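Below is upload-v1.cif, which holds mmCIF, C-alpha atoms.
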data_input
loop_
_atom_site.label_atom_id
_atom_site.label_comp_id
_atom_site.auth_asym_id
_atom_site.auth_seq_id
_atom_site.Cartn_x
_atom_site.Cartn_y
_atom_site.Cartn_z
CA MET A 12 140.60 225.23 -66.91
CA ASN A 13 142.35 227.77 -69.07
CA ALA A 14 140.36 227.48 -72.21
CA ARG A 15 141.18 230.08 -74.75
CA HIS A 16 138.23 231.52 -76.59
CA PRO A 17 139.18 233.07 -79.91
CA ASP A 18 138.14 236.59 -80.64
CA PRO A 19 135.48 236.60 -83.38
CA ASP A 20 137.01 239.77 -84.74
CA ASP A 21 140.50 238.30 -85.02
CA THR A 22 141.23 238.82 -88.74
CA ARG A 23 144.37 236.75 -88.74
CA LEU A 24 142.61 233.74 -87.42
CA SER A 25 139.82 234.35 -89.83
CA ASP A 26 142.26 234.42 -92.76
CA VAL A 27 143.96 231.25 -91.64
CA LEU A 28 140.64 229.48 -91.32
CA HIS A 29 139.60 230.61 -94.78
CA SER A 30 142.84 229.44 -96.31
CA TRP A 31 142.48 225.98 -94.70
CA ASP A 32 141.96 223.60 -97.57
CA VAL A 33 140.28 220.38 -96.53
CA PRO A 34 140.87 217.56 -99.02
CA ASP A 35 137.37 216.53 -100.14
CA ARG A 36 138.39 213.32 -101.80
CA LEU A 37 137.41 210.28 -99.84
CA SER A 38 138.48 206.78 -100.61
CA PRO A 39 136.29 205.19 -103.34
CA ARG A 40 134.53 202.83 -100.99
CA PHE A 41 134.35 205.09 -97.99
CA THR A 42 130.56 205.36 -97.92
CA GLU A 43 130.10 201.66 -98.49
CA GLY A 44 132.60 200.90 -95.78
CA VAL A 45 130.77 203.15 -93.33
CA TRP A 46 127.48 201.48 -94.11
CA ARG A 47 129.00 198.08 -93.75
CA ARG A 48 130.39 198.95 -90.39
CA ILE A 49 127.04 200.35 -89.32
CA GLU A 50 125.34 197.20 -90.54
CA SER A 51 127.80 194.96 -88.80
CA ARG A 52 127.44 196.92 -85.55
CA SER A 53 123.67 196.78 -85.65
CA GLY A 54 123.72 193.14 -86.74
CA ALA A 55 126.00 192.17 -83.89
CA THR A 56 123.14 192.35 -81.46
CA SER A 57 120.66 190.36 -83.56
CA LYS A 58 122.34 188.07 -86.11
CA SER A 59 119.57 186.50 -88.12
CA PRO A 60 120.54 184.00 -90.86
CA LEU A 61 119.42 186.50 -93.45
CA ALA A 62 121.68 189.15 -92.01
CA THR A 63 124.57 186.72 -91.95
CA LEU A 64 123.89 185.87 -95.56
CA ALA A 65 123.76 189.54 -96.48
CA THR A 66 127.05 190.12 -94.71
CA PHE A 67 128.60 187.18 -96.50
CA ALA A 68 127.25 188.40 -99.84
CA THR A 69 128.68 191.81 -99.19
CA TRP A 70 132.02 190.34 -98.26
CA LEU A 71 131.97 188.07 -101.31
CA SER A 72 131.03 190.93 -103.55
CA GLU A 73 133.89 192.92 -102.13
CA VAL A 74 136.33 190.07 -102.67
CA LEU A 75 135.16 189.35 -106.20
CA ARG A 76 135.48 192.99 -107.12
CA GLN A 77 139.22 192.51 -107.03
CA ARG A 78 140.27 191.59 -110.53
CA ARG A 79 142.85 189.04 -109.50
CA VAL A 80 140.40 187.17 -107.33
CA ALA A 81 137.74 187.24 -110.04
CA ALA A 82 140.19 186.01 -112.66
CA ALA A 83 141.44 183.26 -110.34
CA TYR A 84 137.88 182.18 -109.61
CA LEU A 85 137.00 181.96 -113.31
CA LEU A 86 140.26 180.23 -114.16
CA LEU A 87 139.75 177.68 -111.40
CA LEU A 88 136.24 176.79 -112.54
CA VAL A 89 137.26 176.58 -116.19
CA THR A 90 140.26 174.41 -115.33
CA VAL A 91 138.25 172.10 -113.10
CA GLY A 92 135.47 171.90 -115.69
CA ALA A 93 137.83 171.17 -118.57
CA SER A 94 139.75 168.56 -116.58
CA ALA A 95 136.62 166.82 -115.39
CA GLY A 96 135.17 166.89 -118.92
CA THR A 97 138.35 165.49 -120.40
CA LEU A 98 138.59 162.71 -117.84
CA ARG A 99 134.92 161.85 -118.19
CA GLY A 100 135.14 161.96 -121.97
CA HIS A 101 138.24 159.78 -121.94
CA ALA A 102 136.56 157.19 -119.74
CA SER A 103 133.48 157.27 -121.93
CA SER A 104 135.62 156.96 -125.03
CA GLU A 105 137.44 153.95 -123.58
CA ARG A 106 134.14 152.30 -122.68
CA LEU A 107 132.77 152.90 -126.13
CA SER A 108 135.93 151.65 -127.76
CA LEU A 109 135.75 148.45 -125.72
CA ALA A 110 132.10 147.99 -126.61
CA LEU A 111 132.89 148.37 -130.31
CA GLN A 112 135.83 145.98 -129.98
CA ASN A 113 133.52 143.42 -128.39
CA ARG A 114 131.08 143.87 -131.24
CA TYR A 115 133.84 143.25 -133.73
CA VAL A 116 134.99 140.14 -131.86
CA GLN A 117 131.41 138.87 -131.76
CA SER A 118 131.13 139.40 -135.49
CA ILE A 119 134.13 137.15 -136.26
CA ASP A 120 134.06 134.67 -133.38
CA PRO A 121 131.41 131.97 -133.80
CA PHE A 122 131.69 131.05 -130.14
CA ALA A 123 131.20 134.61 -128.97
CA GLU A 124 128.25 134.99 -131.32
CA HIS A 125 126.85 131.71 -130.12
CA LEU A 126 127.21 132.69 -126.50
CA HIS A 127 125.54 136.07 -126.92
CA MET B 26 122.40 197.21 -102.42
CA LYS B 27 123.38 196.03 -105.88
CA LYS B 28 126.30 193.66 -106.11
CA PRO B 29 127.20 193.29 -109.78
CA SER B 30 130.39 191.41 -108.93
CA LEU B 31 128.24 188.57 -107.58
CA LEU B 32 127.20 187.90 -111.16
CA LEU B 33 130.61 186.30 -111.50
CA LEU B 34 129.37 183.34 -109.46
CA PRO B 35 126.84 182.06 -112.03
CA LEU B 36 129.08 183.21 -114.86
CA GLY B 37 131.91 181.12 -113.47
CA LEU B 38 129.65 178.10 -113.18
CA ILE B 39 128.49 178.53 -116.77
CA ALA B 40 132.09 178.88 -117.94
CA GLY B 41 133.01 175.73 -115.99
CA ALA B 42 130.10 173.82 -117.52
CA LEU B 43 131.10 174.96 -120.99
CA ALA B 44 134.68 173.88 -120.34
CA PHE B 45 133.41 170.49 -119.16
CA GLY B 46 131.35 170.08 -122.31
CA THR B 47 134.25 171.07 -124.53
CA GLY B 48 136.63 168.65 -122.81
CA PHE B 49 134.09 165.85 -123.08
CA TRP B 50 133.37 166.58 -126.74
CA LEU B 51 137.06 166.70 -127.66
CA GLN B 52 137.53 163.22 -126.20
CA THR B 53 134.48 161.63 -127.79
CA ARG B 54 134.04 163.52 -131.07
CA PHE B 55 135.45 160.73 -133.24
CA HIS B 56 133.29 157.98 -131.84
CA PRO B 57 130.25 157.00 -133.84
CA VAL B 58 126.93 156.64 -132.12
CA VAL B 59 126.61 153.01 -131.11
CA SER B 60 123.70 151.66 -133.01
CA THR B 61 122.55 148.29 -134.19
CA GLY B 62 123.61 149.08 -137.72
CA ALA B 63 126.18 146.83 -139.32
CA GLY B 64 129.56 148.28 -140.07
CA VAL B 65 130.11 150.09 -136.77
CA GLU B 66 132.59 147.43 -135.72
CA LEU B 67 134.48 147.90 -138.99
CA ASP B 68 134.58 151.65 -138.36
CA TRP B 69 136.16 150.85 -135.02
CA LEU B 70 138.72 148.65 -136.81
CA ARG B 71 139.55 151.43 -139.25
CA ARG B 72 140.07 154.01 -136.49
CA GLU B 73 141.82 151.72 -134.02
CA PHE B 74 144.40 150.52 -136.55
CA LYS B 75 144.50 153.71 -138.66
CA LEU B 76 143.69 151.97 -141.93
CA THR B 77 143.86 153.79 -145.23
CA ASP B 78 140.86 153.69 -147.55
CA THR B 79 142.45 150.96 -149.65
CA GLN B 80 143.37 148.85 -146.63
CA PHE B 81 139.95 149.34 -145.15
CA ALA B 82 138.25 148.31 -148.41
CA ARG B 83 140.23 145.06 -148.46
CA VAL B 84 139.58 144.37 -144.80
CA ALA B 85 135.87 145.05 -145.26
CA GLU B 86 135.81 142.71 -148.24
CA LEU B 87 137.47 139.94 -146.20
CA HIS B 88 135.10 140.60 -143.33
CA ASN B 89 132.00 140.42 -145.51
CA ALA B 90 133.24 137.23 -147.17
CA TYR B 91 133.92 135.62 -143.79
CA LYS B 92 130.61 136.60 -142.17
CA PRO B 93 128.39 133.96 -143.89
CA HIS B 94 130.97 131.25 -143.13
CA CYS B 95 131.06 132.43 -139.51
CA ALA B 96 127.26 132.31 -139.30
CA GLU B 97 127.24 128.79 -140.72
CA LEU B 98 129.84 127.66 -138.19
CA CYS B 99 127.82 129.27 -135.44
CA GLN B 100 124.76 127.33 -136.54
CA ARG B 101 126.70 124.07 -136.62
CA ILE B 102 128.07 124.62 -133.12
CA SER B 103 124.60 125.35 -131.88
CA ASP B 104 123.20 122.18 -133.50
CA ARG B 105 126.00 119.95 -132.19
CA ASN B 106 125.67 121.33 -128.68
CA GLN B 107 121.94 120.78 -128.71
CA ARG B 108 122.29 117.20 -129.94
CA LEU B 109 124.89 116.52 -127.25
CA ARG B 110 122.68 118.03 -124.53
CA ASP B 111 119.73 115.90 -125.71
CA ALA B 112 121.81 112.74 -125.79
CA VAL B 113 123.22 113.39 -122.33
CA ALA B 114 119.74 114.06 -120.94
CA ARG B 115 118.35 110.78 -122.32
CA THR B 116 120.66 108.47 -120.35
CA ASN B 117 122.93 108.23 -117.34
CA VAL B 118 125.74 106.17 -118.87
CA LEU B 119 128.42 107.05 -121.41
CA THR B 120 127.02 105.69 -124.65
CA ASP B 121 128.71 105.41 -128.05
CA GLU B 122 126.36 108.11 -129.31
CA ILE B 123 127.57 110.55 -126.64
CA LYS B 124 131.20 109.67 -127.38
CA GLY B 125 130.60 110.32 -131.06
CA LEU B 126 128.81 113.62 -130.38
CA VAL B 127 131.57 114.81 -128.04
CA ALA B 128 134.13 114.05 -130.72
CA GLU B 129 132.00 115.74 -133.36
CA THR B 130 131.57 118.86 -131.19
CA GLY B 131 135.34 119.01 -130.74
CA ARG B 132 135.92 118.69 -134.46
CA THR B 133 133.47 121.48 -135.21
CA ARG B 134 135.15 123.68 -132.65
CA ASP B 135 138.58 122.97 -134.15
CA GLU B 136 137.24 123.79 -137.58
CA CYS B 137 135.90 127.09 -136.25
CA ARG B 138 139.17 127.99 -134.63
CA GLN B 139 141.11 127.20 -137.79
CA ALA B 140 138.75 129.28 -139.92
CA MET B 141 138.92 132.17 -137.51
CA LEU B 142 142.69 132.04 -137.26
CA GLY B 143 142.91 132.05 -141.05
CA HIS B 144 140.66 135.09 -141.16
CA LEU B 145 142.71 136.90 -138.50
CA TYR B 146 145.93 136.29 -140.46
CA ALA B 147 144.29 137.48 -143.68
CA VAL B 148 143.04 140.70 -142.06
CA ALA B 149 146.37 141.34 -140.32
CA GLY B 150 148.08 140.86 -143.68
CA GLN B 151 146.19 143.83 -145.09
CA MET B 152 147.42 146.14 -142.36
CA PRO B 153 150.78 147.84 -141.87
CA PRO B 154 153.14 145.41 -140.06
CA ASP B 155 152.91 147.10 -136.66
CA SER B 156 149.15 147.43 -136.79
CA GLY B 157 148.83 143.86 -138.05
CA GLN B 158 150.88 142.57 -135.15
CA ARG B 159 148.86 144.55 -132.66
CA TYR B 160 145.63 143.37 -134.27
CA LEU B 161 146.72 139.75 -133.98
CA GLN B 162 147.74 140.10 -130.35
CA LEU B 163 144.48 141.80 -129.47
CA MET B 164 142.30 139.32 -131.34
CA LEU B 165 144.15 136.23 -130.13
CA SER B 166 143.49 137.30 -126.56
CA ALA B 167 139.90 138.41 -127.19
CA THR B 168 138.66 135.50 -129.30
CA CYS B 169 138.50 131.82 -128.47
CA VAL B 170 141.28 130.83 -130.88
CA LEU B 171 143.79 130.20 -128.09
CA GLN B 172 141.31 129.53 -125.33
CA GLU B 173 142.24 125.88 -124.80
CA THR B 174 145.93 126.70 -124.93
CA ARG B 175 145.48 129.32 -122.26
CA SER B 176 143.56 126.89 -120.05
CA ILE B 177 146.31 124.30 -120.35
CA ASP B 178 148.98 126.91 -119.65
CA SER B 179 147.22 127.96 -116.48
CA ILE B 180 147.32 124.47 -114.98
CA GLN B 181 149.99 124.25 -112.30
CA PRO B 182 151.80 120.91 -112.14
CA VAL B 183 151.73 119.08 -108.83
CA GLN B 184 155.05 119.24 -106.98
CA PRO B 185 155.98 115.62 -106.10
CA GLU B 186 158.84 116.78 -103.81
CA ALA B 187 156.41 118.50 -101.48
CA HIS B 188 154.38 115.33 -101.05
CA GLY B 189 157.51 113.23 -100.66
CA SER B 190 159.07 115.43 -97.97
CA HIS B 191 155.75 115.59 -96.14
CA SER B 192 155.46 111.80 -95.99
CA HIS B 193 159.13 111.53 -95.04
CA HIS B 194 158.50 113.50 -91.86
CA GLU B 195 155.61 111.26 -91.00
#

Once more with this new file: its structure as structure tokens, please.
Amino acid sequence: MNARHPDPDDTRLSDVLHSWDVPDRLSPRFTEGVWRRIESRSGATSKSPLATLATFATWLSEVLRQRRVAAAYLLLLVTVGASAGTLRGHASSERLSLALQNRYVQSIDPFAEHLH
Amino acid sequence: MKKPSLLLLPLGLIAGALAFGTGFWLQTRFHPVVSTGAGVELDWLRREFKLTDTQFARVAELHNAYKPHCAELCQRISDRNQRLRDAVARTNVLTDEIKGLVAETGRTRDECRQAMLGHLYAVAGQMPPDSGQRYLQLMLSATCVLQETRSIDSIQPVQPEAHGSHSHHE
């Protein structure tokens, strides 16, 4: 092997090394990503339900952190809730209206009153 | 590890529940609580046919005037029916008394139907034409005014041709 060993007294090399600027900015979720990968590696050997849940929670947390996903989730639940409430309220209103109509009919129909 | 974004899960559910409640309330806000108190049915009439205060006052007046007459008719029907049931239970042949009671029950029923129809026309007359027409249609189908007519209408006449052709083949 022809490995080259630099001379410790080489000033040029020393200058170049000192001028080497390493960008110290990591991506915002770098640390979290590393931990997640470590967790997933260690969990791969022994996947307990709790670990699976934690992984899922982490994934969900990650997904919900995206504004679009969070907004879509809220919008979906509000839409479903409002639609279900409206439908349920409409059905209830119809039932009530029919009950009141029957009461009116009973109040003017001697036969209906007699039967009830 | 804290996961503040997971708070969105319960928040979303709460928002959905609130939306459900709002939708439900918007659909039912105008309905009175059904109670045994008198006048709820008239409130229904006012809302269903969009009566003005003046129209509603007249309709309520007609209704209150008709109520005692209706109660009296109800009592008479009940009495006649009871007398007929008693007479029928006492014998196993068609007696003159039963014939008379059947006829009397029919007359009472006709009288009731006439009184009710008169009341329906009077109430409809206090409403705007469209509402009055709708009221009449609704009440004529819901009350017993046209009950006998409907029964007769529903009878299907026997087709003599079918019987004739059947016997012809035999």

Listing only residues of chain B within 8 Å of chain A, what is the closest atom pair and its distance in Å (to one decimal) for each, using all atoms listed in the file, sorted by chain and residue number ascending, as JSON lines?
{"residue": "B:Lys28", "atom": "CA", "partner": "A:Ser72", "partner_atom": "CA", "distance": 6.0}
{"residue": "B:Pro29", "atom": "CA", "partner": "A:Ser72", "partner_atom": "CA", "distance": 7.7}
{"residue": "B:Ser30", "atom": "CA", "partner": "A:Ser72", "partner_atom": "CA", "distance": 5.4}
{"residue": "B:Leu31", "atom": "CA", "partner": "A:Ser72", "partner_atom": "CA", "distance": 5.4}
{"residue": "B:Leu33", "atom": "CA", "partner": "A:Ala81", "partner_atom": "CA", "distance": 7.3}
{"residue": "B:Gly37", "atom": "CA", "partner": "A:Leu85", "partner_atom": "CA", "distance": 5.2}
{"residue": "B:Leu38", "atom": "CA", "partner": "A:Leu88", "partner_atom": "CA", "distance": 6.7}
{"residue": "B:Ala40", "atom": "CA", "partner": "A:Val89", "partner_atom": "CA", "distance": 5.9}
{"residue": "B:Gly41", "atom": "CA", "partner": "A:Val89", "partner_atom": "CA", "distance": 4.3}
{"residue": "B:Ala42", "atom": "CA", "partner": "A:Gly92", "partner_atom": "CA", "distance": 6.0}
{"residue": "B:Leu43", "atom": "CA", "partner": "A:Gly92", "partner_atom": "CA", "distance": 7.5}
{"residue": "B:Ala44", "atom": "CA", "partner": "A:Ala93", "partner_atom": "CA", "distance": 4.5}
{"residue": "B:Phe45", "atom": "CA", "partner": "A:Gly96", "partner_atom": "CA", "distance": 4.0}
{"residue": "B:Gly46", "atom": "CA", "partner": "A:Gly96", "partner_atom": "CA", "distance": 6.0}
{"residue": "B:Thr47", "atom": "CA", "partner": "A:Ala93", "partner_atom": "CA", "distance": 7.0}
{"residue": "B:Gly48", "atom": "CA", "partner": "A:Thr97", "partner_atom": "CA", "distance": 4.3}
{"residue": "B:Phe49", "atom": "CA", "partner": "A:Gly100", "partner_atom": "CA", "distance": 4.2}
{"residue": "B:Trp50", "atom": "CA", "partner": "A:Gly100", "partner_atom": "CA", "distance": 6.9}
{"residue": "B:Leu51", "atom": "CA", "partner": "A:Thr97", "partner_atom": "CA", "distance": 7.5}
{"residue": "B:Gln52", "atom": "CA", "partner": "A:Gly100", "partner_atom": "CA", "distance": 5.0}
{"residue": "B:Thr53", "atom": "CA", "partner": "A:Ser104", "partner_atom": "CA", "distance": 5.5}
{"residue": "B:His56", "atom": "CA", "partner": "A:Ser104", "partner_atom": "CA", "distance": 7.3}
{"residue": "B:Val59", "atom": "CA", "partner": "A:Leu111", "partner_atom": "CA", "distance": 7.8}
{"residue": "B:Val65", "atom": "CA", "partner": "A:Leu111", "partner_atom": "CA", "distance": 7.2}
{"residue": "B:Glu66", "atom": "CA", "partner": "A:Tyr115", "partner_atom": "CA", "distance": 4.8}
{"residue": "B:Leu67", "atom": "CA", "partner": "A:Tyr115", "partner_atom": "CA", "distance": 7.0}
{"residue": "B:Trp69", "atom": "CA", "partner": "A:Leu111", "partner_atom": "CA", "distance": 6.2}
{"residue": "B:Leu70", "atom": "CA", "partner": "A:Gln112", "partner_atom": "CA", "distance": 7.9}
{"residue": "B:His88", "atom": "CA", "partner": "A:Ile119", "partner_atom": "CA", "distance": 7.9}
{"residue": "B:Tyr91", "atom": "CA", "partner": "A:Ile119", "partner_atom": "CA", "distance": 7.7}
{"residue": "B:Lys92", "atom": "CA", "partner": "A:Ile119", "partner_atom": "CA", "distance": 6.9}
{"residue": "B:Cys95", "atom": "CA", "partner": "A:Pro121", "partner_atom": "CA", "distance": 5.7}
{"residue": "B:Ala96", "atom": "CA", "partner": "A:Pro121", "partner_atom": "CA", "distance": 6.9}
{"residue": "B:Leu98", "atom": "CA", "partner": "A:Pro121", "partner_atom": "CA", "distance": 6.3}
{"residue": "B:Cys99", "atom": "CA", "partner": "A:Pro121", "partner_atom": "CA", "distance": 4.8}
{"residue": "B:Ile102", "atom": "CA", "partner": "A:His125", "partner_atom": "CA", "distance": 7.8}
{"residue": "B:Ser103", "atom": "CA", "partner": "A:His125", "partner_atom": "CA", "distance": 7.0}
{"residue": "B:Cys137", "atom": "CA", "partner": "A:Pro121", "partner_atom": "CA", "distance": 7.1}
{"residue": "B:Met141", "atom": "CA", "partner": "A:Asp120", "partner_atom": "CA", "distance": 6.9}
{"residue": "B:Met164", "atom": "CA", "partner": "A:Val116", "partner_atom": "CA", "distance": 7.4}
{"residue": "B:Ala167", "atom": "CA", "partner": "A:Val116", "partner_atom": "CA", "distance": 7.0}
{"residue": "B:Thr168", "atom": "CA", "partner": "A:Asp120", "partner_atom": "CA", "distance": 6.2}
{"residue": "B:Cys169", "atom": "CA", "partner": "A:Phe122", "partner_atom": "CA", "distance": 7.1}

Interatomic distance between atom CA of Gly157 of chain B and atom CA of Arg134 of chain B?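 Result for atom CA of Gly157 of chain B versus atom CA of Arg134 of chain B: 25.0 Å, one decimal.
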
Name the residues in contact with segment 130-132 of chain B at a cut-off of 10 Å, using all atoms listed in the file, excluding same-chain residues fewer than 6 positions from it; report them as a list in words.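 Close residues of segment 130-132 of chain B: Arg101, Ile102, Ser103, Asp104, Arg105, Asn106, Arg108, Leu109, Lys124 and Arg138 of chain B.
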
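Computed from the coordinates, the atom CA of Ala140 of chain B to atom CA of His94 of chain B distance equals 8.6 Å.
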
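Put simply, atom CA of Pro60 of chain A is 19.1 Å away from atom CA of Trp46 of chain A.
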
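Excluding Glu50 of chain A itself and same-chain residues fewer than 6 positions from it, the residues having an atom within 10 Å of it are Gly44, Ala62, Ala65 and Thr66 of chain A, counting all atoms listed in the file.
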
Selection near Arg83 of chain B, 12 Å with all atoms listed in the file, sequence-local residues under 3 positions removed, as a list in words: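 Counting all atoms listed in the file, the residues come to Leu67, Arg71, Leu76, Thr77, Asp78, Thr79, Gln80, Glu86, Leu87, His88, Asn89, Ala90, Ala147, Val148, Ala149, Gly150, Gln151 and Met152 of chain B.
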